[in-house]
file entry_3.pdb (PDB, C-alpha atoms and all ligand atoms)
ATOM      1  CA  MET S  27     244.819-150.142  36.650  1.00  0.00           C
ATOM      2  CA  ALA S  28     242.225-150.844  33.950  1.00  0.00           C
ATOM      3  CA  GLY S  29     239.493-149.637  36.261  1.00  0.00           C
ATOM      4  CA  GLY S  30     241.245-146.313  36.718  1.00  0.00           C
ATOM      5  CA  ASN S  31     241.303-145.727  32.996  1.00  0.00           C
ATOM      6  CA  ALA S  32     237.627-146.514  32.664  1.00  0.00           C
ATOM      7  CA  ILE S  33     236.712-143.982  35.284  1.00  0.00           C
ATOM      8  CA  ARG S  34     238.835-141.387  33.565  1.00  0.00           C
ATOM      9  CA  GLY S  35     237.178-142.167  30.262  1.00  0.00           C
ATOM     10  CA  THR S  36     233.710-141.449  31.523  1.00  0.00           C
ATOM     11  CA  ARG S  37     234.770-138.010  32.631  1.00  0.00           C
ATOM     12  CA  VAL S  38     235.869-136.917  29.175  1.00  0.00           C
ATOM     13  CA  GLY S  39     233.069-135.083  27.466  1.00  0.00           C
ATOM     14  CA  ALA S  40     230.761-135.404  30.441  1.00  0.00           C
ATOM     15  CA  GLY S  41     230.922-131.733  31.260  1.00  0.00           C
ATOM     16  CA  PRO S  42     228.230-129.246  30.255  1.00  0.00           C
ATOM     17  CA  MET S  43     229.922-128.403  26.937  1.00  0.00           C
ATOM     18  CA  GLY S  44     226.894-128.746  24.677  1.00  0.00           C
ATOM     19  CA  GLU S  45     225.735-125.169  25.147  1.00  0.00           C
ATOM     20  CA  ALA S  46     228.819-123.544  23.676  1.00  0.00           C
ATOM     21  CA  GLU S  47     227.526-123.607  20.107  1.00  0.00           C
ATOM     22  CA  ARG S  48     224.311-121.795  20.823  1.00  0.00           C
ATOM     23  CA  GLY S  49     225.656-118.391  19.770  1.00  0.00           C
ATOM     24  CA  GLU S  50     226.320-119.533  16.202  1.00  0.00           C
ATOM     25  CA  ALA S  51     222.759-119.339  14.963  1.00  0.00           C
ATOM     26  CA  ALA S  52     221.853-115.705  15.521  1.00  0.00           C
ATOM     27  CA  PRO S  53     218.545-115.025  13.800  1.00  0.00           C
ATOM     28  CA  ARG S  54     219.072-113.383  10.408  1.00  0.00           C
ATOM     29  CA  HIS S  55     217.056-112.578   7.385  1.00  0.00           C
ATOM     30  CA  ARG S  56     218.104-111.725   3.879  1.00  0.00           C
ATOM     31  CA  VAL S  57     217.056-108.598   2.070  1.00  0.00           C
ATOM     32  CA  GLY S  58     217.346-108.302  -1.700  1.00  0.00           C
ATOM     33  CA  TYR S  59     218.551-105.104  -3.362  1.00  0.00           C
ATOM     34  CA  TRP S  60     218.526-104.301  -7.053  1.00  0.00           C
ATOM     35  CA  CYS S  61     220.415-101.605  -8.930  1.00  0.00           C
ATOM     36  CA  THR S  62     219.540-100.116 -12.316  1.00  0.00           C
ATOM     37  CA  GLN S  63     221.939-102.575 -13.959  1.00  0.00           C
ATOM     38  CA  GLY S  64     219.773-105.440 -12.740  1.00  0.00           C
ATOM     39  CA  HIS S  65     222.331-106.778 -10.293  1.00  0.00           C
ATOM     40  CA  GLU S  66     220.778-108.546  -7.349  1.00  0.00           C
ATOM     41  CA  THR S  67     222.437-108.274  -3.987  1.00  0.00           C
ATOM     42  CA  LEU S  68     221.352-110.292  -0.998  1.00  0.00           C
ATOM     43  CA  VAL S  69     222.359-108.823   2.324  1.00  0.00           C
ATOM     44  CA  ALA S  70     221.947-110.689   5.592  1.00  0.00           C
ATOM     45  CA  PHE S  71     220.739-108.647   8.511  1.00  0.00           C
ATOM     46  CA  ALA S  72     220.163-109.590  12.095  1.00  0.00           C
ATOM     47  CA  PHE S  73     216.480-109.444  12.905  1.00  0.00           C
ATOM     48  CA  ASP S  74     216.948-106.591  15.312  1.00  0.00           C
ATOM     49  CA  ALA S  75     219.164-104.632  12.913  1.00  0.00           C
ATOM     50  CA  GLU S  76     217.848-101.656  11.022  1.00  0.00           C
ATOM     51  CA  VAL S  77     217.587-102.468   7.319  1.00  0.00           C
ATOM     52  CA  PRO S  78     218.768 -99.539   5.185  1.00  0.00           C
ATOM     53  CA  GLU S  79     216.531 -98.415   2.348  1.00  0.00           C
ATOM     54  CA  LEU S  80     219.421 -98.317  -0.094  1.00  0.00           C
ATOM     55  CA  TRP S  81     222.487-100.481  -0.536  1.00  0.00           C
ATOM     56  CA  ASP S  82     225.498 -99.848  -2.733  1.00  0.00           C
ATOM     57  CA  CYS S  83     225.677-102.510  -5.409  1.00  0.00           C
ATOM     58  CA  PRO S  84     228.999-104.342  -4.844  1.00  0.00           C
ATOM     59  CA  ARG S  85     229.278-105.111  -8.567  1.00  0.00           C
ATOM     60  CA  CYS S  86     228.857-101.682 -10.149  1.00  0.00           C
ATOM     61  CA  GLY S  87     228.739 -99.295  -7.190  1.00  0.00           C
ATOM     62  CA  LEU S  88     225.334 -97.907  -8.074  1.00  0.00           C
ATOM     63  CA  PRO S  89     222.726 -97.463  -5.382  1.00  0.00           C
ATOM     64  CA  ALA S  90     220.390-100.429  -5.120  1.00  0.00           C
ATOM     65  CA  GLY S  91     216.880-100.471  -3.696  1.00  0.00           C
ATOM     66  CA  GLN S  92     214.577-103.130  -2.350  1.00  0.00           C
ATOM     67  CA  ASP S  93     212.065-102.728  -5.177  1.00  0.00           C
ATOM     68  CA  GLN S  94     213.285-104.759  -8.127  1.00  0.00           C
ATOM     69  CA  ALA S  95     210.792-103.116 -10.477  1.00  0.00           C
ATOM     70  CA  ALA S  96     211.878 -99.604  -9.521  1.00  0.00           C
ATOM     71  CA  PRO S  97     215.574 -99.421  -8.688  1.00  0.00           C
ATOM     72  CA  PRO S  98     216.913 -96.042  -7.589  1.00  0.00           C
ATOM     73  CA  PRO S  99     218.249 -93.904 -10.451  1.00  0.00           C
ATOM     74  CA  ALA S 100     221.987 -93.795 -10.942  1.00  0.00           C
ATOM     75  CA  PRO S 101     223.487 -90.516  -9.795  1.00  0.00           C
ATOM     76  CA  ARG S 102     225.215 -88.938 -12.776  1.00  0.00           C
ATOM     77  CA  THR S 103     227.648 -86.904 -10.738  1.00  0.00           C
ATOM     78  CA  GLU S 104     229.172 -89.885  -9.001  1.00  0.00           C
ATOM     79  CA  PRO S 105     231.159 -92.383 -11.083  1.00  0.00           C
ATOM     80  CA  TYR S 106     231.912 -95.838  -9.779  1.00  0.00           C
ATOM     81  CA  LYS S 107     235.163 -94.613  -8.310  1.00  0.00           C
ATOM     82  CA  THR S 108     235.725 -90.951  -7.786  1.00  0.00           C
ATOM     83  CA  HIS S 109     238.907 -89.185  -8.716  1.00  0.00           C
ATOM     84  CA  LEU S 110     239.397 -88.392  -5.064  1.00  0.00           C
ATOM     85  CA  ALA S 111     239.232 -92.083  -4.251  1.00  0.00           C
ATOM     86  CA  TYR S 112     242.011 -92.759  -6.735  1.00  0.00           C
ATOM     87  CA  VAL S 113     244.116 -89.940  -5.309  1.00  0.00           C
ATOM     88  CA  ARG S 114     243.578 -91.225  -1.785  1.00  0.00           C
ATOM     89  CA  GLU S 115     244.544 -94.718  -2.827  1.00  0.00           C
ATOM     90  CA  ARG S 116     247.727 -93.543  -4.510  1.00  0.00           C
ATOM     91  CA  ARG S 117     248.671 -91.323  -1.610  1.00  0.00           C
ATOM     92  CA  SER S 118     248.202 -94.052   0.967  1.00  0.00           C
ATOM     93  CA  ASP S 119     250.360 -96.298  -1.193  1.00  0.00           C
ATOM     94  CA  ALA S 120     253.053 -93.635  -1.344  1.00  0.00           C
ATOM     95  CA  ASP S 121     252.848 -93.179   2.407  1.00  0.00           C
ATOM     96  CA  GLY S 122     253.190 -96.907   2.880  1.00  0.00           C
ATOM     97  CA  ASP S 123     256.280 -96.965   0.651  1.00  0.00           C
ATOM     98  CA  ALA S 124     257.802 -94.067   2.557  1.00  0.00           C
ATOM     99  CA  LEU S 125     257.192 -95.795   5.866  1.00  0.00           C
ATOM    100  CA  LEU S 126     258.663 -99.009   4.552  1.00  0.00           C
ATOM    101  CA  GLU S 127     261.731 -97.165   3.242  1.00  0.00           C
ATOM    102  CA  GLU S 128     262.172 -95.479   6.591  1.00  0.00           C
ATOM    103  CA  ALA S 129     261.939 -98.757   8.448  1.00  0.00           C
ATOM    104  CA  LEU S 130     264.402-100.412   6.077  1.00  0.00           C
ATOM    105  CA  ALA S 131     266.832 -97.518   6.431  1.00  0.00           C
ATOM    106  CA  LYS S 132     266.689 -97.820  10.208  1.00  0.00           C
ATOM    107  CA  LEU S 133     267.246-101.553   9.980  1.00  0.00           C
ATOM    108  CA  ARG S 134     270.244-101.094   7.689  1.00  0.00           C
ATOM    109  CA  ALA S 135     271.690 -98.383   9.946  1.00  0.00           C
ATOM    110  CA  ARG S 136     271.287-100.596  12.986  1.00  0.00           C
ATOM    111  CA  ARG S 137     272.872-103.529  11.234  1.00  0.00           C
ATOM    112  CA  GLY S 138     275.757-101.388   9.977  1.00  0.00           C
ATOM    113  CA  ALA S 139     276.527-100.015  13.458  1.00  0.00           C
TER     114      ALA S 139
HETATM  115 ZN    ZN I 201     224.897-103.172  -9.931  1.00  0.00          ZN
END

call {"tool": "encode", "arguments": {"input": "entry_3.pdb", "output": "structure tokens", "more": "lines below"}}
Ligand SMILES: [Zn+2]
result
Amino acid sequence: MAGGNAIRGTRVGAGPMGEAERGEAAPRHRVGYWCTQGHETLVAFAFDAEVPELWDCPRCGLPAGQDQAAPPPAPRTEPYKTHLAYVRERRSDADGDALLEEALAKLRARRGA
């Protein structure tokens, strides 16, 4: 009886499981981007990925470049969030409310029947 358990114990973890974690450490490198506001953004790219010349600063929305001394100029015509973006946001919210109302109405109708 004790011998059976011992044999079973040796089998646990004896399989070729050690290779499963290999995919975790994909090679990456970090690229720094700077906007005119002086914000630094570090973006991790896979080594075989194409690194874009510009990156939108996540803090102010301005374009950021890889040259800290010469960040790309801020485009005057494009504010941080465009009016259209606000409209889109509001509309999608309204659509969501309408859908929710519709679903609730159906639920109530079903429950009432
Ligand atoms: Zn910025």

call {"tool": "atom_distance", "arguments": {"input": "entry_3.pdb", "atom1": "CA of Gly64 (chain S)", "atom2": "CA of Ala96 (chain S)"}}
result
10.3 Å

call {"tool": "resolve_selection", "arguments": {"input": "entry_3.pdb", "expression": "the PyMOL selection byres (((not hetatm)) within 9 of (chain I and resi 201))", "output": "MDAnalysis selection string"}}
result
chainID S and resid 60:67 82:90

call {"tool": "atom_distance", "arguments": {"input": "entry_3.pdb", "atom1": "CA of Arg56 (chain S)", "atom2": "CA of Ala72 (chain S)"}}
result
8.7 Å

call {"tool": "axis_aligned_box", "arguments": {"input": "entry_3.pdb", "around": "region 72-83 of chain S", "padding_each_side": "4 Å", "output": "AutoDock Vina command-line options"}}
result
--center_x 221.1 --center_y -104.0 --center_z 5.0 --size_x 17.2 --size_y 19.3 --size_z 28.7

call {"tool": "atom_distance", "arguments": {"input": "entry_3.pdb", "atom1": "CA of Tyr59 (chain S)", "atom2": "CA of Phe71 (chain S)"}}
result
12.6 Å

call {"tool": "closest_residue", "arguments": {"input": "entry_3.pdb", "among": "S:Arg102, S:Leu125, S:Arg116, S:Gln92", "to": "Gly58 (chain S)", "atoms": "all atoms listed in the file"}}
result
S:Gln92

call {"tool": "decode", "arguments": {"input": "entry_3.pdb", "residues": "region 74-96 of chain S", "atoms": "N, CA and C atoms", "output": "compact mmCIF listing (two decimals), in the first residue's frame"}}
result
# COMPACT_ATOMS: atom_id res chain seq x y z
N ASP S 74 11.07 42.14 -33.84
CA ASP S 74 10.79 42.05 -35.27
C ASP S 74 9.65 42.98 -35.67
N ALA S 75 9.15 43.79 -34.73
CA ALA S 75 8.07 44.71 -35.05
C ALA S 75 8.63 45.99 -35.64
N GLU S 76 7.84 46.62 -36.49
CA GLU S 76 8.27 47.88 -37.07
C GLU S 76 8.00 49.00 -36.07
N VAL S 77 9.02 49.77 -35.76
CA VAL S 77 8.88 50.85 -34.78
C VAL S 77 8.43 52.11 -35.52
N PRO S 78 7.26 52.64 -35.16
CA PRO S 78 6.77 53.85 -35.83
C PRO S 78 7.61 55.06 -35.48
N GLU S 79 7.69 56.00 -36.41
CA GLU S 79 8.51 57.19 -36.19
C GLU S 79 7.87 58.08 -35.13
N LEU S 80 6.55 58.13 -35.15
CA LEU S 80 5.83 58.97 -34.20
C LEU S 80 4.91 58.12 -33.33
N TRP S 81 4.65 58.66 -32.13
CA TRP S 81 3.76 57.97 -31.20
C TRP S 81 2.89 59.01 -30.52
N ASP S 82 1.63 58.77 -30.41
CA ASP S 82 0.76 59.75 -29.73
C ASP S 82 1.04 59.70 -28.23
N CYS S 83 1.35 60.86 -27.67
CA CYS S 83 1.61 60.93 -26.24
C CYS S 83 0.33 60.56 -25.50
N PRO S 84 0.37 59.56 -24.62
CA PRO S 84 -0.84 59.14 -23.90
C PRO S 84 -1.28 60.15 -22.84
N ARG S 85 -0.41 61.11 -22.52
CA ARG S 85 -0.75 62.07 -21.46
C ARG S 85 -1.41 63.32 -22.01
N CYS S 86 -0.97 63.80 -23.18
CA CYS S 86 -1.56 65.03 -23.70
C CYS S 86 -2.08 64.85 -25.12
N GLY S 87 -1.82 63.72 -25.74
CA GLY S 87 -2.37 63.46 -27.07
C GLY S 87 -1.56 64.06 -28.21
N LEU S 88 -0.49 64.77 -27.88
CA LEU S 88 0.33 65.36 -28.93
C LEU S 88 1.22 64.29 -29.53
N PRO S 89 1.63 64.51 -30.79
CA PRO S 89 2.55 63.55 -31.39
C PRO S 89 3.90 63.59 -30.70
N ALA S 90 4.49 62.44 -30.48
CA ALA S 90 5.79 62.37 -29.83
C ALA S 90 6.77 61.67 -30.76
N GLY S 91 8.01 62.17 -30.74
CA GLY S 91 9.05 61.61 -31.60
C GLY S 91 10.16 60.98 -30.79
N GLN S 92 11.05 60.30 -31.48
CA GLN S 92 12.12 59.59 -30.78
C GLN S 92 13.28 60.51 -30.41
N ASP S 93 13.31 61.72 -30.94
CA ASP S 93 14.38 62.65 -30.63
C ASP S 93 13.92 63.60 -29.54
N GLN S 94 14.47 63.39 -28.34
CA GLN S 94 14.03 64.20 -27.20
C GLN S 94 14.34 65.69 -27.42
N ALA S 95 15.42 65.98 -28.09
CA ALA S 95 15.82 67.38 -28.30
C ALA S 95 14.96 68.06 -29.35
N ALA S 96 14.33 67.29 -30.21
CA ALA S 96 13.52 67.90 -31.28
C ALA S 96 12.21 67.15 -31.44
